[in-house]
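Below is the file start_39.pdb, which contains PDB, C-alpha atoms.
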ATOM      1  CA  MET F  87     -12.213 -23.212 -11.103
ATOM      2  CA  SER F  88      -8.840 -22.480  -9.573
ATOM      3  CA  GLN F  89     -10.005 -19.281  -7.901
ATOM      4  CA  TYR F  90     -12.470 -21.282  -5.811
ATOM      5  CA  SER F  91      -9.861 -23.807  -4.760
ATOM      6  CA  LYS F  92      -8.274 -23.945  -1.342
ATOM      7  CA  SER F  93      -6.849 -20.412  -1.307
ATOM      8  CA  HIS F  94      -9.959 -18.515  -2.422
ATOM      9  CA  LEU F  95     -10.169 -16.508   0.804
ATOM     10  CA  ARG F  96      -7.111 -14.531  -0.278
ATOM     11  CA  SER F  97      -7.494 -11.946  -3.014
ATOM     12  CA  GLN F  98      -5.736 -12.652  -6.321
ATOM     13  CA  LEU F  99      -3.568  -9.556  -5.875
ATOM     14  CA  GLY F 100      -2.581 -10.762  -2.425
ATOM     15  CA  ARG F 101      -1.581 -14.133  -3.869
ATOM     16  CA  VAL F 102       0.475 -12.584  -6.655
ATOM     17  CA  ARG F 103       2.320 -10.334  -4.207
ATOM     18  CA  GLY F 104       2.862 -13.219  -1.842
ATOM     19  CA  LEU F 105       1.161 -11.336   0.969
ATOM     20  CA  GLY F 106       0.136 -13.357   3.937
ATOM     21  CA  SER F 107       0.917 -13.628   7.602
ATOM     22  CA  ALA F 108       3.683 -11.304   8.753
ATOM     23  CA  LYS F 109       4.229 -13.700  11.676
ATOM     24  CA  SER F 110       3.421 -11.040  14.254
ATOM     25  CA  GLY F 111      -0.371 -11.223  14.542
ATOM     26  CA  THR F 112      -0.314 -13.422  17.633
ATOM     27  CA  HIS F 113       2.078 -11.060  19.404
ATOM     28  CA  HIS F 114      -0.206  -8.085  18.700
ATOM     29  CA  TRP F 115      -3.277  -9.994  19.887
ATOM     30  CA  TRP F 116      -1.479 -11.241  23.007
ATOM     31  CA  MET F 117      -0.141  -7.779  23.951
ATOM     32  CA  GLU F 118      -3.661  -6.352  23.616
ATOM     33  CA  ARG F 119      -4.936  -8.961  26.137
ATOM     34  CA  ILE F 120      -2.002  -8.517  28.547
ATOM     35  CA  THR F 121      -2.289  -4.725  28.559
ATOM     36  CA  SER F 122      -6.083  -4.890  28.977
ATOM     37  CA  LEU F 123      -5.707  -7.226  31.938
ATOM     38  CA  ALA F 124      -3.195  -4.853  33.600
ATOM     39  CA  LEU F 125      -5.437  -1.864  32.875
ATOM     40  CA  ILE F 126      -8.427  -3.284  34.762
ATOM     41  CA  PRO F 127      -6.952  -2.499  38.233
ATOM     42  CA  LEU F 128      -4.764   0.418  37.065
ATOM     43  CA  SER F 129      -7.530   2.364  35.316
ATOM     44  CA  ILE F 130      -9.962   1.867  38.196
ATOM     45  CA  TRP F 131      -7.243   3.074  40.599
ATOM     46  CA  PHE F 132      -6.667   6.167  38.440
ATOM     47  CA  LEU F 133     -10.365   6.993  38.104
ATOM     48  CA  VAL F 134     -10.898   6.694  41.873
ATOM     49  CA  ALA F 135      -7.894   8.974  42.501
ATOM     50  CA  LEU F 136      -9.173  11.427  39.885
ATOM     51  CA  VAL F 137     -12.655  11.643  41.391
ATOM     52  CA  THR F 138     -11.642  11.622  45.073
ATOM     53  CA  LYS F 139      -8.411  13.671  45.055
ATOM     54  CA  LEU F 140      -7.509  15.300  41.761
ATOM     55  CA  LEU F 141     -10.595  17.215  40.597
ATOM     56  CA  GLY F 142      -9.732  20.894  40.776
ATOM     57  CA  ALA F 143      -6.329  20.152  42.315
ATOM     58  CA  THR F 144      -3.663  22.843  42.027
ATOM     59  CA  PRO F 145      -0.266  21.879  40.521
ATOM     60  CA  ALA F 146       1.096  21.819  44.092
ATOM     61  CA  GLU F 147      -1.630  19.401  45.208
ATOM     62  CA  LEU F 148      -1.001  17.225  42.157
ATOM     63  CA  GLN F 149       2.726  17.249  42.956
ATOM     64  CA  ALA F 150       2.021  16.260  46.566
ATOM     65  CA  TRP F 151      -0.004  13.311  45.260
ATOM     66  CA  VAL F 152       2.763  12.161  42.858
ATOM     67  CA  SER F 153       5.451  12.592  45.541
ATOM     68  CA  SER F 154       4.454   9.243  47.065
ATOM     69  CA  PRO F 155       6.644   6.462  45.568
ATOM     70  CA  ILE F 156       3.709   4.067  45.209
ATOM     71  CA  THR F 157       1.580   6.692  43.444
ATOM     72  CA  ALA F 158       4.459   7.553  41.094
ATOM     73  CA  LEU F 159       5.007   3.870  40.317
ATOM     74  CA  LEU F 160       1.320   3.166  39.670
ATOM     75  CA  LEU F 161       0.895   6.334  37.612
ATOM     76  CA  THR F 162       3.969   5.465  35.508
ATOM     77  CA  ALA F 163       2.677   1.925  34.929
ATOM     78  CA  PHE F 164      -0.821   3.218  34.107
ATOM     79  CA  THR F 165       0.591   5.774  31.639
ATOM     80  CA  ALA F 166       2.948   3.372  29.841
ATOM     81  CA  ILE F 167       0.441   0.514  29.570
ATOM     82  CA  MET F 168      -2.439   2.844  28.663
ATOM     83  CA  PHE F 169      -0.527   4.399  25.752
ATOM     84  CA  LEU F 170       0.662   0.981  24.552
ATOM     85  CA  HIS F 171      -2.915  -0.348  24.658
ATOM     86  CA  ALA F 172      -4.161   2.712  22.735
ATOM     87  CA  LYS F 173      -1.368   2.284  20.168
ATOM     88  CA  LEU F 174      -2.356  -1.353  19.522
ATOM     89  CA  GLY F 175      -6.061  -0.509  19.313
ATOM     90  CA  VAL F 176      -5.786   2.529  17.037
ATOM     91  CA  GLN F 177      -3.428   0.534  14.772
ATOM     92  CA  VAL F 178      -6.189  -2.029  14.104
ATOM     93  CA  ILE F 179      -8.739   0.714  13.405
ATOM     94  CA  ILE F 180      -6.419   2.317  10.820
ATOM     95  CA  GLU F 181      -5.595  -1.049   9.223
ATOM     96  CA  ASP F 182      -9.281  -1.977   8.988
ATOM     97  CA  TYR F 183     -10.664   1.215   7.470
ATOM     98  CA  ILE F 184      -7.858   2.791   5.442
ATOM     99  CA  HIS F 185      -7.488   0.733   2.288
ATOM    100  CA  CYS F 186      -5.065   2.960   0.369
ATOM    101  CA  GLU F 187      -1.588   1.611   1.134
ATOM    102  CA  GLY F 188       0.233   4.982   1.134
ATOM    103  CA  LYS F 189      -2.308   6.705   3.356
ATOM    104  CA  LYS F 190      -2.377   3.702   5.677
ATOM    105  CA  ILE F 191       1.397   3.677   6.241
ATOM    106  CA  ALA F 192       1.464   7.461   6.690
ATOM    107  CA  LEU F 193      -1.349   7.343   9.264
ATOM    108  CA  LEU F 194       0.242   4.440  11.145
ATOM    109  CA  LEU F 195       3.500   6.409  11.389
ATOM    110  CA  PHE F 196       1.664   9.590  12.417
ATOM    111  CA  LYS F 197      -0.195   7.655  15.143
ATOM    112  CA  ASP F 198       3.098   6.281  16.504
ATOM    113  CA  VAL F 199       4.747   9.718  16.519
ATOM    114  CA  VAL F 200       1.816  11.269  18.432
ATOM    115  CA  ILE F 201       1.589   8.394  20.909
ATOM    116  CA  TYR F 202       5.319   8.228  21.625
ATOM    117  CA  ALA F 203       5.559  12.030  21.955
ATOM    118  CA  LEU F 204       2.664  12.170  24.439
ATOM    119  CA  LEU F 205       4.005   9.129  26.302
ATOM    120  CA  ALA F 206       7.516  10.611  26.598
ATOM    121  CA  GLY F 207       6.133  13.983  27.726
ATOM    122  CA  THR F 208       3.839  12.414  30.318
ATOM    123  CA  LEU F 209       6.580  10.159  31.748
ATOM    124  CA  ALA F 210       8.953  13.122  31.960
ATOM    125  CA  ALA F 211       6.224  15.136  33.710
ATOM    126  CA  ILE F 212       5.613  12.377  36.271
ATOM    127  CA  ALA F 213       9.374  12.075  36.901
ATOM    128  CA  LYS F 214       9.738  15.832  37.324
ATOM    129  CA  LEU F 215       6.756  16.094  39.675
ATOM    130  CA  HIS F 216       8.084  13.178  41.713
ATOM    131  CA  PHE F 217      11.827  13.923  41.889
ATOM    132  CA  ILE F 218      12.112  17.692  41.431
ATOM    133  CA  GLY F 219       8.738  19.324  42.037
ATOM    134  CA  ILE F 220       7.103  22.180  40.189
TER     135      ILE F 220
ATOM    136  CA  MET U 247     -16.109 -12.037 -16.578
ATOM    137  CA  THR U 248     -16.580 -10.196 -13.316
ATOM    138  CA  ARG U 249     -14.675 -11.676 -10.463
ATOM    139  CA  PRO U 250     -16.733 -11.947  -7.252
ATOM    140  CA  GLN U 251     -14.140 -10.139  -5.167
ATOM    141  CA  ASP U 252     -14.445  -6.988  -7.290
ATOM    142  CA  HIS U 253     -17.770  -6.110  -5.689
ATOM    143  CA  ARG U 254     -17.316  -7.273  -2.142
ATOM    144  CA  PRO U 255     -18.595  -4.591   0.270
ATOM    145  CA  LEU U 256     -15.740  -3.494   2.502
ATOM    146  CA  SER U 257     -16.138  -2.774   6.210
ATOM    147  CA  PRO U 258     -17.702  -0.496   7.491
ATOM    148  CA  PHE U 259     -19.841   0.028   4.362
ATOM    149  CA  MET U 260     -21.481  -3.369   4.739
ATOM    150  CA  LEU U 261     -23.450  -2.064   7.744
ATOM    151  CA  GLY U 262     -27.012  -1.119   6.849
ATOM    152  CA  PRO U 263     -27.741  -2.371   3.334
ATOM    153  CA  TYR U 264     -26.016  -5.758   3.734
ATOM    154  CA  TYR U 265     -26.101  -6.356   7.452
ATOM    155  CA  ARG U 266     -28.904  -5.748   9.962
ATOM    156  CA  LEU U 267     -27.731  -4.176  13.213
ATOM    157  CA  GLN U 268     -28.138  -6.401  16.260
ATOM    158  CA  ILE U 269     -27.115  -6.129  19.925
ATOM    159  CA  SER U 270     -23.967  -8.151  19.164
ATOM    160  CA  SER U 271     -22.770  -5.944  16.317
ATOM    161  CA  VAL U 272     -23.824  -2.643  17.915
ATOM    162  CA  LEU U 273     -21.898  -3.469  21.094
ATOM    163  CA  SER U 274     -18.891  -4.604  19.052
ATOM    164  CA  LEU U 275     -18.922  -1.334  17.131
ATOM    165  CA  LEU U 276     -19.289   0.637  20.381
ATOM    166  CA  HIS U 277     -16.229  -1.132  21.804
ATOM    167  CA  ARG U 278     -14.184   0.262  18.955
ATOM    168  CA  VAL U 279     -15.789   3.721  19.077
ATOM    169  CA  THR U 280     -15.266   4.042  22.849
ATOM    170  CA  GLY U 281     -11.682   2.734  22.554
ATOM    171  CA  PHE U 282     -10.919   5.373  19.947
ATOM    172  CA  ALA U 283     -12.625   8.123  21.965
ATOM    173  CA  LEU U 284     -10.606   7.159  25.055
ATOM    174  CA  SER U 285      -7.407   7.237  22.971
ATOM    175  CA  ILE U 286      -8.247  10.812  21.984
ATOM    176  CA  GLY U 287      -8.835  11.535  25.678
ATOM    177  CA  LEU U 288      -5.208  10.560  26.343
ATOM    178  CA  ILE U 289      -4.206  13.856  24.691
ATOM    179  CA  LEU U 290      -5.938  15.734  27.528
ATOM    180  CA  PHE U 291      -4.443  13.343  30.108
ATOM    181  CA  ALA U 292      -0.932  14.039  28.760
ATOM    182  CA  LEU U 293      -1.438  17.813  28.520
ATOM    183  CA  TRP U 294      -2.810  17.867  32.078
ATOM    184  CA  LEU U 295       0.302  16.237  33.593
ATOM    185  CA  ILE U 296       2.807  17.966  31.286
ATOM    186  CA  SER U 297       1.351  21.393  32.054
ATOM    187  CA  ALA U 298       1.334  20.712  35.803
ATOM    188  CA  ALA U 299       5.044  19.810  35.714
ATOM    189  CA  TYR U 300       6.374  22.307  33.175
ATOM    190  CA  TYR U 301       3.789  25.019  32.421
ATOM    191  CA  PRO U 302       1.801  25.880  35.593
ATOM    192  CA  ASP U 303       0.241  28.885  33.783
ATOM    193  CA  CYS U 304      -1.275  26.627  31.104
ATOM    194  CA  TYR U 305      -2.456  24.206  33.803
ATOM    195  CA  ALA U 306      -5.118  26.680  34.942
ATOM    196  CA  ASP U 307      -6.309  27.067  31.334
ATOM    197  CA  ILE U 308      -6.599  23.300  30.855
ATOM    198  CA  GLN U 309      -8.468  23.031  34.138
ATOM    199  CA  ALA U 310     -10.837  25.839  33.110
ATOM    200  CA  LEU U 311     -11.387  24.097  29.769
ATOM    201  CA  ALA U 312     -12.215  20.825  31.531
ATOM    202  CA  ALA U 313     -14.537  22.606  33.976
ATOM    203  CA  SER U 314     -16.474  24.409  31.207
ATOM    204  CA  ILE U 315     -19.843  23.098  30.017
ATOM    205  CA  VAL U 316     -18.325  21.613  26.855
ATOM    206  CA  GLY U 317     -15.453  20.172  28.860
ATOM    207  CA  LYS U 318     -17.854  18.564  31.319
ATOM    208  CA  LEU U 319     -19.887  17.066  28.466
ATOM    209  CA  PHE U 320     -16.703  15.525  27.059
ATOM    210  CA  LEU U 321     -15.661  14.250  30.502
ATOM    211  CA  PHE U 322     -19.135  12.763  30.985
ATOM    212  CA  GLY U 323     -18.839  11.044  27.601
ATOM    213  CA  TRP U 324     -15.368   9.747  28.453
ATOM    214  CA  THR U 325     -16.675   8.445  31.793
ATOM    215  CA  TRP U 326     -19.311   6.365  30.013
ATOM    216  CA  ALA U 327     -16.805   5.317  27.326
ATOM    217  CA  PHE U 328     -14.420   4.185  30.066
ATOM    218  CA  PHE U 329     -16.994   2.052  31.913
ATOM    219  CA  TYR U 330     -18.352   0.634  28.664
ATOM    220  CA  HIS U 331     -14.878  -0.269  27.339
ATOM    221  CA  LEU U 332     -13.933  -1.704  30.754
ATOM    222  CA  GLY U 333     -17.090  -3.852  31.014
ATOM    223  CA  ASN U 334     -17.097  -4.977  27.404
ATOM    224  CA  GLY U 335     -13.339  -5.578  27.596
ATOM    225  CA  ILE U 336     -13.900  -7.995  30.484
ATOM    226  CA  ARG U 337     -16.637  -9.605  28.351
ATOM    227  CA  HIS U 338     -14.053 -10.057  25.587
ATOM    228  CA  LEU U 339     -11.495 -11.533  27.999
ATOM    229  CA  ASN U 340     -14.140 -14.029  29.131
ATOM    230  CA  TRP U 341     -14.683 -15.037  25.489
ATOM    231  CA  ASP U 342     -10.898 -15.422  25.157
ATOM    232  CA  LEU U 343     -11.139 -18.059  27.901
ATOM    233  CA  GLY U 344     -13.604 -19.857  25.626
ATOM    234  CA  LYS U 345     -16.633 -19.059  27.767
ATOM    235  CA  GLY U 346     -20.027 -17.435  27.156
ATOM    236  CA  PHE U 347     -20.317 -18.034  23.404
ATOM    237  CA  THR U 348     -23.966 -19.154  23.151
ATOM    238  CA  ILE U 349     -26.417 -16.593  21.763
ATOM    239  CA  PRO U 350     -28.492 -16.253  25.006
ATOM    240  CA  GLU U 351     -25.323 -15.855  27.126
ATOM    241  CA  MET U 352     -23.922 -13.308  24.678
ATOM    242  CA  THR U 353     -27.141 -11.264  24.626
ATOM    243  CA  ARG U 354     -27.363 -11.319  28.417
ATOM    244  CA  SER U 355     -23.714 -10.372  29.011
ATOM    245  CA  GLY U 356     -24.168  -7.564  26.471
ATOM    246  CA  TRP U 357     -27.099  -6.068  28.376
ATOM    247  CA  VAL U 358     -25.208  -6.498  31.651
ATOM    248  CA  VAL U 359     -22.409  -4.357  30.189
ATOM    249  CA  VAL U 360     -24.874  -1.692  28.979
ATOM    250  CA  VAL U 361     -26.582  -1.452  32.391
ATOM    251  CA  PHE U 362     -23.214  -1.565  34.215
ATOM    252  CA  SER U 363     -21.716   1.246  32.118
ATOM    253  CA  LEU U 364     -24.750   3.528  32.442
ATOM    254  CA  SER U 365     -25.195   3.020  36.196
ATOM    255  CA  MET U 366     -21.465   3.435  36.957
ATOM    256  CA  THR U 367     -21.432   6.663  34.917
ATOM    257  CA  VAL U 368     -24.394   8.037  36.878
ATOM    258  CA  LEU U 369     -22.833   6.930  40.179
ATOM    259  CA  THR U 370     -19.464   8.509  39.324
ATOM    260  CA  TRP U 371     -21.059  11.815  38.377
ATOM    261  CA  ALA U 372     -23.288  11.767  41.466
ATOM    262  CA  ILE U 373     -20.074  11.575  43.524
ATOM    263  CA  ILE U 374     -18.409  14.316  41.449
ATOM    264  CA  ILE U 375     -21.410  16.649  41.747
ATOM    265  CA  ARG U 376     -21.640  16.045  45.492
ATOM    266  CA  LYS U 377     -17.948  16.848  45.855
ATOM    267  CA  VAL U 378     -17.439  19.853  43.590
ATOM    268  CA  GLY U 379     -20.951  20.850  42.484
ATOM    269  CA  LEU U 380     -22.191  21.022  38.920
TER     270      LEU U 380
END
Serialized structure, C-alpha cells:
Amino acid sequence: MSQYSKSHLRSQLGRVRGLGSAKSGTHHWWMERITSLALIPLSIWFLVALVTKLLGATPAELQAWVSSPITALLLTAFTAIMFLHAKLGVQVIIEDYIHCEGKKIALLLFKDVVIYALLAGTLAAIAKLHFIGI
Amino acid sequence: MTRPQDHRPLSPFMLGPYYRLQISSVLSLLHRVTGFALSIGLILFALWLISAAYYPDCYADIQALAASIVGKLFLFGWTWAFFYHLGNGIRHLNWDLGKGFTIPEMTRSGWVVVVFSLSMTVLTWAIIIRKVGL
C-alpha cells in the first residue's frame, strides 16, 4: 500500500538515500535557454562568415579576419557560449543514459576536462591571432 | 513479491517494443543526436583555430582533412545537424513560451523544421560549391 502512496514516483532506493532535487535543476534549464537564445544570431553569423570568407583561408587570411575588434569579440562570445551550451547538453545525455554511478561521474568529469581544455585553447588562439598574429 | 519498478524499461530501451515511433518522438531524438554530433564537431572547430594560431604546419593538414571526401561528408552532415538543431531549438523555445502545444500545431511545426533544415543545407552547399567547387 505505502509504495503507491504520494511518493511512488521515486524509487525506494532513492527514498532511502534521501535523493531528490539538488536545487540546481532550474539553473541548468535556464542556462540552456539563455545560451540557445544567444547562439541563434551568433551561430548564424559564424556560419555565414565560414561560408563566405573562411573556406580554404590561409592562416594569414584567418588572422586578418580575427584582427577586427568586432570579429574577435563575436568569435569569443560564440566560442564561450557554444562550449557552455554543449557542456550543458552533453551532461544531460550522460545523466540520462549512463545508469552506473561510478561510470557516470567519471564520464561527466571527462566531458568537463575535454570541454574546458578545448575552450581554453580556442580562446587563447583567438587572443593570439587578434593581439599578436601568427 | 516483485516490485513494479524492478522491471521498468529504462530509456532508450523503451523505444521499439514499448513505444511506437512518431514524428514527435523521432524529432525529439534527432534534436539530441544532432546536438551531440555538433558537440563532437567543436573538436574540429577548436583544432582549426588552435592550429592557425600556434601550429601553421598542422593547419594545412586539418584543412586537407576537411576538404577530403570523408571530411566533406562530415561537414555536410554537420551543416544539416546545425540547421536542424537551430530550427528545432527555436521550436523548443516557442514551447517554453507556452505556445504551440496542440497535436496539429506540433506536427506542423515539426515538418516545418524538417523542410527548413533540408532546404537550408542544400542552399548552403549550393553556395559552397559555387564558390570553391566540389
Contact residues (chain U, partner chain F, 8 Å, only C-alpha atoms) as a PyMOL selection string:
chain U and resi 251+257-258+278+281-282+285+288-289+292-293+295-296+298-300+302+305+309+332+335+339+370+373-374+378
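Close contacts of stretch 313-329 of chain U, defined as residues with an atom at most 7 Å away when counting all atoms listed in the file, with chain neighbours fewer than 5 positions off set aside, comprise Thr280, Leu284, Ser363, Leu364, Met366 and Thr367 of chain U.
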Expressed in Å, the length from atom CA of U:Cys304 to atom CA of U:Val279 is 29.7 Å
For atom CA of U:Ser355 and atom CA of U:Val368, quote the distance in Å rounded to one decimal.
20.0 Å
Can you find the residues with an atom no farther than 12 Å from (2.3, -6.0, 15.6), counting only C-alpha atoms, and report them as a tab-separated table (two decimals) with C-alpha atoms, in the frame of the given file?
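What follows is the written file point.tsv:
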chain	number	residue	atom	x	y	z
F	107	SER	CA	0.92	-13.63	7.60
F	108	ALA	CA	3.68	-11.30	8.75
F	109	LYS	CA	4.23	-13.70	11.68
F	110	SER	CA	3.42	-11.04	14.25
F	111	GLY	CA	-0.37	-11.22	14.54
F	112	THR	CA	-0.31	-13.42	17.63
F	113	HIS	CA	2.08	-11.06	19.40
F	114	HIS	CA	-0.21	-8.09	18.70
F	115	TRP	CA	-3.28	-9.99	19.89
F	116	TRP	CA	-1.48	-11.24	23.01
F	117	MET	CA	-0.14	-7.78	23.95
F	118	GLU	CA	-3.66	-6.35	23.62
F	170	LEU	CA	0.66	0.98	24.55
F	171	HIS	CA	-2.92	-0.35	24.66
F	173	LYS	CA	-1.37	2.28	20.17
F	174	LEU	CA	-2.36	-1.35	19.52
F	175	GLY	CA	-6.06	-0.51	19.31
F	176	VAL	CA	-5.79	2.53	17.04
F	177	GLN	CA	-3.43	0.53	14.77
F	178	VAL	CA	-6.19	-2.03	14.10
F	181	GLU	CA	-5.60	-1.05	9.22
F	194	LEU	CA	0.24	4.44	11.14
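Going from atom CA of U:Met352 to atom CA of U:Arg266 covers 17.3 Å.
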